[in-house]
Amino acid sequence: MPIHEKSLIRPENLHVQENIEVDGVDVSGHWSTFIESRVVTDYNEAIEEEIAALPGGEYIHRCWQCGSCTNSCTVNAINEDFNPRYWIYLIRMGMESELLRDKDIIWQCVSCNKCTYACPRDVFPEGVMKATAHWLELKGHTPRSHSTIFDDIFSEQVIETGKIEDGRTVRRFFKQTGQNLQQPWLIEMVKRMLRNLPLGLMTRMGLANFIKPRTSGWSGARDAIKEYVSEQEAHHRTALGLDDLVKMAETELEAGAAK
Amino acid sequence: MSEQKTKSKKEKYQEVAYYPGCALEGTGHAYNRSTKALGEELGLKLKEVDNWNCCGAMEVKNIDPKIQTYLSSRVMSIAANKMNMDVVMAPCNGCYHNLKKAEYDLENDDKSKEVVDRLSQKAGHETYQAGQVETIHALDWVKETIGEEGLKERVKNSLEGIKIANYYGCMYTRPRHIFPEKDAGPGTESTSKPHFMDDLLEAAGAENVDFPLKTACCGGAHTLSDSDTSTRLVSNILQTAEAAGAEVIATECPTCHSGLEMHQIRAEKTLGIKTNVKIIYFTQLLGMAMGLKPKKVGLHENVSDSFDFVKKKGLV
C-alpha cells in the first residue's frame, strides 16, 4: 500500500497526548507527536473510467503528473487547495475519499484553459475538471453548484430559443440560487449603466423582457438537440451505474416493506 | 476556388459575414455599435449573418461540448451556404473561440462530424463542412485590411498621451491548437504575448504600457456563480494595469469588458479596493481616433464612465 503522504501533514492527523506512557517511558507532549494511519484502504477503481466517460474527461489517462496544469492554474494562484494535478492523481489511483475532501471547490475551475495550453500530454485538464465536477454531482456527492445552475439556465434558453438575453438569464439565476438582487454593488452598477443611457436603448432592453430574442425557424434544431441531450444523459447514467443504484435502492425498499 | 485562395487577406476581409452574437445585443452593445461605426468609417463592409443563433458561449459545452460545436457550425453554415461568404468576423472572444473550436473539431474529430451532420439534417439545413469559411476576430479584420500604416494615415484625433494596457483575456489565444494561424512566424499573432491590439492602438498614437496580464483570466465564466473569485481576479488585473502606469484598459471581448466593469464596482463595494483605470473597447478608441464622436462609438453604453477622460485627452 502506498504511503498517502499528503495527509501526514494535515493537523487533524497529528495527535499530541497529554499523558501517555509506553513501556514505562513517558511519551507525553509535543516531542512525541502521533500520526494517524497512512494506509489507504478505500480504493474505488471505477472512478477513472467513470470520469473518462463524461464529456471532457476522455484523456485523463494520458497524464504523467508533471504539474504544469497546477503551476499555470488561475484558481490555484488564489487558493492553493485547488490542485488539478493532485486530483488527476487521486482519480487515477482511485482514492475516492481523499478526492471528496475537495469536492466543494472543484467546480470553481474558471475554464481559462491555461492548463490545456501548458499540458504537454494533451490531457485537456480543463475538461477533466468539468467532468469531475459533473461526476461529483451525478453521484450525489455535492449539490448542483451555482456554476451548474447557471449553465443549465443558460443552455435551456439557448436550446429553446436559439439565443440568449442577458437580463432574463441573470434574474432567473439569482432567483434559483436564492440570492437577493438588491446587492449594493449590483445597484451601483445599474445606476452607472443608466446614467448615460439614452431612452432608446432602455426601451429596447425593457422590451427584451417581453419579446424574447429568438432565432426564427428554430424548432427543428431545438428538437434535434433535445433528443441528443437525452441520449447522452442516458449514456452517462449507464456509464456511472446510476440506474443500477436506483434499482438496488428500490429492491431494498421493497424487501423492507415486505418484512 | 483557386482564385479565392490567391486573394490576399486584405482583399478577402473587405467584405465579411458579421457575427455579433448575443452579448453584443445585450451588455456588450457598445462593442457592436463601435465595431459597425468603425467599419463604416474605414470603408469595410459587414453583412450580418442571417438569422444567427447563440454559439454556445461558455455554458453549453458543460452540458455537452458537441452541442456547442453544432450551434457554432450552424452560424458558419449560414454564412457559407446561404450567404455565399468565405469569411466570418466575430468581435466577441467567446463567439470567435467557439467557431474556431468547431472548425477544429469538424476537421479532426469524426464523432463531432457525425453529431453535427445528424443535428443539421434534423434541423433542416446544410451541414457545415470544415474549411468552408475562415473565422476571424475584429482585430484580424482591422489589422489585415487597414493595418498600422492605413490607420496612421487616417488618424484625426491622435491617442497620443494615452497610456493603455491591452487586455486580451483567455479565449482569444487558448487553447493554442484551435488557432493554427497564430504563432506562425513574423507578422502573425502570438498566443503567449498577443500584440495585434497593441499594434493598432500604437498606430493611432497611443502609448502601450508593459502589461504582464494580457492573457490573464477575469473569471468571466463564473462572473455571477462565483463572484468572489471573479472579483479577486479582476482587481488583480485592474491594480496591475494601474501599477504599470495605464490610464485605460483596452478590451476586445464583451465578457471581459463587462466583467472588468462589474467587478471594478464590486471590488470597491465589497473589498474596498478602488481603481480608476478606464475600461474602453479597442474599437471605441480607434473610432474616436478616426474622428468619430464618443456617442457614435457607444461610450455612453459603457458602465465605466470615461466621457471626462476622453474630453481631457482631446478625443472630442
# chains A, B, ... in the order shown; residues from 1 in each chain; ligands from 1
>>> interface_residues(of="chain A", to="chain B", cutoff="6 Å", atoms="only C-alpha atoms", output="MDAnalysis selection string")
chainID A and resid 110 112 117 146:147 151 155 162:164 185 192:193 196:197 215 220:221 224
>>> write_last_selection(atoms="N, CA and C atoms", output="mmCIF file, in the first residue's frame")
data_model
loop_
_atom_site.group_PDB
_atom_site.id
_atom_site.type_symbol
_atom_site.label_atom_id
_atom_site.label_comp_id
_atom_site.auth_asym_id
_atom_site.auth_seq_id
_atom_site.Cartn_x
_atom_site.Cartn_y
_atom_site.Cartn_z
ATOM 1 N N VAL A 110 -12.305 28.079 -13.706
ATOM 2 C CA VAL A 110 -12.870 29.187 -14.488
ATOM 3 C C VAL A 110 -12.734 28.984 -16.005
ATOM 4 N N CYS A 112 -10.201 28.918 -17.997
ATOM 5 C CA CYS A 112 -9.316 29.859 -18.686
ATOM 6 C C CYS A 112 -8.415 29.134 -19.668
ATOM 7 N N TYR A 117 -3.342 24.774 -22.302
ATOM 8 C CA TYR A 117 -2.259 25.396 -23.070
ATOM 9 C C TYR A 117 -0.912 24.822 -22.643
ATOM 10 N N HIS A 146 -23.475 26.488 -8.099
ATOM 11 C CA HIS A 146 -24.005 27.673 -8.762
ATOM 12 C C HIS A 146 -23.625 27.691 -10.235
ATOM 13 N N SER A 147 -22.442 27.168 -10.522
ATOM 14 C CA SER A 147 -21.994 27.141 -11.906
ATOM 15 C C SER A 147 -22.897 26.237 -12.748
ATOM 16 N N ASP A 151 -25.195 27.242 -15.869
ATOM 17 C CA ASP A 151 -25.072 26.541 -17.167
ATOM 18 C C ASP A 151 -26.428 26.022 -17.628
ATOM 19 N N SER A 155 -28.211 27.260 -20.919
ATOM 20 C CA SER A 155 -28.329 26.304 -22.022
ATOM 21 C C SER A 155 -29.780 26.047 -22.377
ATOM 22 N N GLY A 162 -32.657 29.535 -29.282
ATOM 23 C CA GLY A 162 -31.527 29.780 -30.178
ATOM 24 C C GLY A 162 -30.671 30.956 -29.752
ATOM 25 N N LYS A 163 -31.208 31.798 -28.836
ATOM 26 C CA LYS A 163 -30.449 32.982 -28.423
ATOM 27 C C LYS A 163 -30.530 33.209 -26.910
ATOM 28 N N ILE A 164 -29.731 34.149 -26.456
ATOM 29 C CA ILE A 164 -29.674 34.488 -25.036
ATOM 30 C C ILE A 164 -29.990 35.955 -24.839
ATOM 31 N N TRP A 185 -23.510 46.402 -4.720
ATOM 32 C CA TRP A 185 -22.657 46.579 -5.902
ATOM 33 C C TRP A 185 -23.470 46.471 -7.190
ATOM 34 N N ARG A 192 -24.984 53.207 -12.617
ATOM 35 C CA ARG A 192 -23.981 53.747 -13.536
ATOM 36 C C ARG A 192 -24.326 53.412 -14.986
ATOM 37 N N MET A 193 -24.988 52.258 -15.174
ATOM 38 C CA MET A 193 -25.384 51.860 -16.514
ATOM 39 C C MET A 193 -26.424 52.825 -17.071
ATOM 40 N N ASN A 196 -25.831 57.191 -18.441
ATOM 41 C CA ASN A 196 -25.609 57.775 -19.765
ATOM 42 C C ASN A 196 -26.466 57.166 -20.858
ATOM 43 N N LEU A 197 -27.329 56.232 -20.448
ATOM 44 C CA LEU A 197 -28.081 55.527 -21.488
ATOM 45 C C LEU A 197 -29.199 56.367 -22.073
ATOM 46 N N THR A 215 -34.125 32.858 -32.551
ATOM 47 C CA THR A 215 -33.763 32.538 -33.912
ATOM 48 C C THR A 215 -35.021 31.987 -34.575
ATOM 49 N N GLY A 220 -36.818 22.879 -35.323
ATOM 50 C CA GLY A 220 -36.132 21.672 -35.788
ATOM 51 C C GLY A 220 -34.826 21.460 -35.039
ATOM 52 N N ALA A 221 -34.047 22.541 -34.912
ATOM 53 C CA ALA A 221 -32.771 22.458 -34.195
ATOM 54 C C ALA A 221 -33.023 22.125 -32.728
ATOM 55 N N ALA A 224 -33.913 18.453 -32.286
ATOM 56 C CA ALA A 224 -32.744 17.605 -32.554
ATOM 57 C C ALA A 224 -31.773 17.644 -31.372
#
>>> residues_around(residues="Lys10 (chain B)", least_positions_apart="3", cutoff="8 Å", atoms="only C-alpha atoms", output="ChimeraX atom specification")
/B:13-14,144-146
>>> write_last_selection(atoms="N, CA, C and O atoms", output="mmCIF file, in the first residue's frame")
data_model
loop_
_atom_site.group_PDB
_atom_site.id
_atom_site.type_symbol
_atom_site.label_atom_id
_atom_site.label_comp_id
_atom_site.auth_asym_id
_atom_site.auth_seq_id
_atom_site.Cartn_x
_atom_site.Cartn_y
_atom_site.Cartn_z
ATOM 1 N N TYR B 13 -10.919 40.292 -46.664
ATOM 2 C CA TYR B 13 -11.608 40.784 -45.463
ATOM 3 C C TYR B 13 -12.359 42.105 -45.696
ATOM 4 O O TYR B 13 -12.928 42.662 -44.765
ATOM 5 N N GLN B 14 -12.346 42.626 -46.934
ATOM 6 C CA GLN B 14 -13.042 43.892 -47.198
ATOM 7 C C GLN B 14 -14.541 43.761 -46.917
ATOM 8 O O GLN B 14 -15.181 44.673 -46.431
ATOM 9 N N GLU B 144 -5.560 43.415 -40.913
ATOM 10 C CA GLU B 144 -5.227 42.950 -42.260
ATOM 11 C C GLU B 144 -5.742 43.883 -43.355
ATOM 12 O O GLU B 144 -5.140 43.976 -44.421
ATOM 13 N N THR B 145 -6.878 44.552 -43.117
ATOM 14 C CA THR B 145 -7.425 45.396 -44.180
ATOM 15 C C THR B 145 -6.800 46.787 -44.194
ATOM 16 O O THR B 145 -6.401 47.287 -45.239
ATOM 17 N N ILE B 146 -6.736 47.396 -43.026
ATOM 18 C CA ILE B 146 -6.250 48.778 -42.947
ATOM 19 C C ILE B 146 -4.796 48.795 -42.498
ATOM 20 O O ILE B 146 -3.956 49.459 -43.098
#
>>> select_by_dssp(residues="region 58-304 of chain B", states="strand (DSSP E)", output="list in words")
Val87, Val88, Met89, Ala90, Glu134, Thr135, Ile136, His137, Lys163, Ile164, Ala165, Asn166, Tyr167, Glu207, Asn208, Val248, Ile249, Ala250, Thr251, Lys278, Ile279, Ile280 and Tyr281 of chain B
>>> residues_around(residues="Val16 (chain A)", least_positions_apart="4", cutoff="8 Å", atoms="only C-alpha atoms", output="number ranges by chain")
A: 28-30, 32-34
>>> residues_around(residues="Gly314 (chain B)", least_positions_apart="4", cutoff="12 Å", atoms="only C-alpha atoms", output="PyMOL selection string")
chain B and resi 156-162+288-289+291+293-294+307-310
>>> closest_residue(among="B:Gly245, B:Gly94, B:Gly28, B:Pro254", to="Ser111 (chain A)", atoms="only C-alpha atoms")
B:Gly94
>>> closest_residue(among="B:Ala165, B:Ala184, B:Ala204, B:Leu286", to="Gln239 (chain B)", atoms="only C-alpha atoms")
B:Ala165
>>> decode(residues="region 42-55 of chain A", atoms="all heavy atoms", output="compact mmCIF listing (two decimals), in the first residue's frame")
# COMPACT_ATOMS: atom_id res chain seq x y z
N ASP A 42 -9.48 2.60 0.85
CA ASP A 42 -10.79 2.90 0.25
C ASP A 42 -10.71 3.08 -1.26
O ASP A 42 -11.34 3.96 -1.81
CB ASP A 42 -11.35 4.17 0.89
CG ASP A 42 -10.47 5.37 0.59
OD1 ASP A 42 -9.25 5.18 0.41
OD2 ASP A 42 -10.99 6.49 0.50
N TYR A 43 -9.90 2.30 -1.92
CA TYR A 43 -9.78 2.45 -3.38
C TYR A 43 -11.12 2.24 -4.06
O TYR A 43 -11.87 1.33 -3.74
CB TYR A 43 -8.79 1.42 -3.95
CG TYR A 43 -7.37 1.77 -3.65
CD1 TYR A 43 -6.66 1.11 -2.66
CD2 TYR A 43 -6.74 2.77 -4.38
CE1 TYR A 43 -5.36 1.44 -2.39
CE2 TYR A 43 -5.43 3.11 -4.11
CZ TYR A 43 -4.74 2.45 -3.12
OH TYR A 43 -3.45 2.78 -2.85
N ASN A 44 -11.38 3.11 -5.03
CA ASN A 44 -12.54 2.91 -5.91
C ASN A 44 -11.99 2.93 -7.33
O ASN A 44 -11.77 3.99 -7.91
CB ASN A 44 -13.58 4.02 -5.70
CG ASN A 44 -14.73 3.88 -6.66
OD1 ASN A 44 -14.73 3.03 -7.54
ND2 ASN A 44 -15.73 4.74 -6.50
N GLU A 45 -11.74 1.75 -7.84
CA GLU A 45 -11.05 1.66 -9.13
C GLU A 45 -11.91 2.11 -10.30
O GLU A 45 -11.42 2.28 -11.41
CB GLU A 45 -10.55 0.23 -9.35
CG GLU A 45 -9.36 -0.07 -8.45
CD GLU A 45 -8.93 -1.51 -8.50
OE1 GLU A 45 -9.43 -2.25 -9.36
OE2 GLU A 45 -8.12 -1.89 -7.65
N ALA A 46 -13.21 2.30 -10.06
CA ALA A 46 -14.09 2.67 -11.17
C ALA A 46 -14.03 4.16 -11.51
O ALA A 46 -14.44 4.58 -12.59
CB ALA A 46 -15.52 2.29 -10.84
N ILE A 47 -13.50 4.98 -10.59
CA ILE A 47 -13.61 6.44 -10.78
C ILE A 47 -13.02 6.91 -12.11
O ILE A 47 -13.65 7.67 -12.83
CB ILE A 47 -12.89 7.25 -9.67
CG1 ILE A 47 -13.41 6.87 -8.30
CG2 ILE A 47 -13.13 8.74 -9.88
CD1 ILE A 47 -12.79 7.73 -7.21
N GLU A 48 -11.81 6.47 -12.42
CA GLU A 48 -11.16 6.99 -13.63
C GLU A 48 -12.02 6.71 -14.86
O GLU A 48 -12.23 7.59 -15.69
CB GLU A 48 -9.77 6.40 -13.82
CG GLU A 48 -9.09 7.00 -15.05
CD GLU A 48 -7.68 6.49 -15.30
OE1 GLU A 48 -7.23 5.60 -14.56
OE2 GLU A 48 -7.06 6.96 -16.26
N GLU A 49 -12.52 5.49 -14.94
CA GLU A 49 -13.31 5.13 -16.11
C GLU A 49 -14.61 5.94 -16.15
O GLU A 49 -15.06 6.34 -17.22
CB GLU A 49 -13.64 3.64 -16.06
CG GLU A 49 -13.24 2.91 -17.32
CD GLU A 49 -13.40 1.41 -17.14
OE1 GLU A 49 -14.56 0.95 -17.18
OE2 GLU A 49 -12.38 0.73 -16.91
N GLU A 50 -15.20 6.14 -15.00
CA GLU A 50 -16.46 6.88 -14.96
C GLU A 50 -16.26 8.33 -15.40
O GLU A 50 -17.05 8.88 -16.17
CB GLU A 50 -17.06 6.83 -13.55
CG GLU A 50 -17.58 5.44 -13.21
CD GLU A 50 -18.14 5.34 -11.80
OE1 GLU A 50 -18.03 6.32 -11.02
OE2 GLU A 50 -18.68 4.27 -11.47
N ILE A 51 -15.17 8.93 -14.91
CA ILE A 51 -14.91 10.32 -15.29
C ILE A 51 -14.53 10.41 -16.76
O ILE A 51 -14.92 11.33 -17.47
CB ILE A 51 -13.87 10.95 -14.34
CG1 ILE A 51 -14.56 11.20 -12.99
CG2 ILE A 51 -13.28 12.25 -14.91
CD1 ILE A 51 -13.71 11.75 -11.90
N ALA A 52 -13.81 9.40 -17.24
CA ALA A 52 -13.44 9.37 -18.66
C ALA A 52 -14.66 9.23 -19.56
O ALA A 52 -14.61 9.58 -20.74
CB ALA A 52 -12.45 8.25 -18.92
N ALA A 53 -15.76 8.72 -19.01
CA ALA A 53 -16.96 8.54 -19.82
C ALA A 53 -17.78 9.83 -19.93
O ALA A 53 -18.71 9.90 -20.71
CB ALA A 53 -17.83 7.44 -19.21
N LEU A 54 -17.40 10.84 -19.12
CA LEU A 54 -18.14 12.11 -19.17
C LEU A 54 -17.41 13.09 -20.09
O LEU A 54 -16.19 13.03 -20.22
CB LEU A 54 -18.26 12.69 -17.75
CG LEU A 54 -19.07 11.84 -16.77
CD1 LEU A 54 -19.00 12.46 -15.36
CD2 LEU A 54 -20.52 11.73 -17.22
N PRO A 55 -18.14 14.01 -20.73
CA PRO A 55 -17.51 14.94 -21.67
C PRO A 55 -16.39 15.73 -21.00
O PRO A 55 -16.59 16.29 -19.92
CB PRO A 55 -18.64 15.88 -22.09
CG PRO A 55 -19.90 15.23 -21.69
CD PRO A 55 -19.60 14.25 -20.62
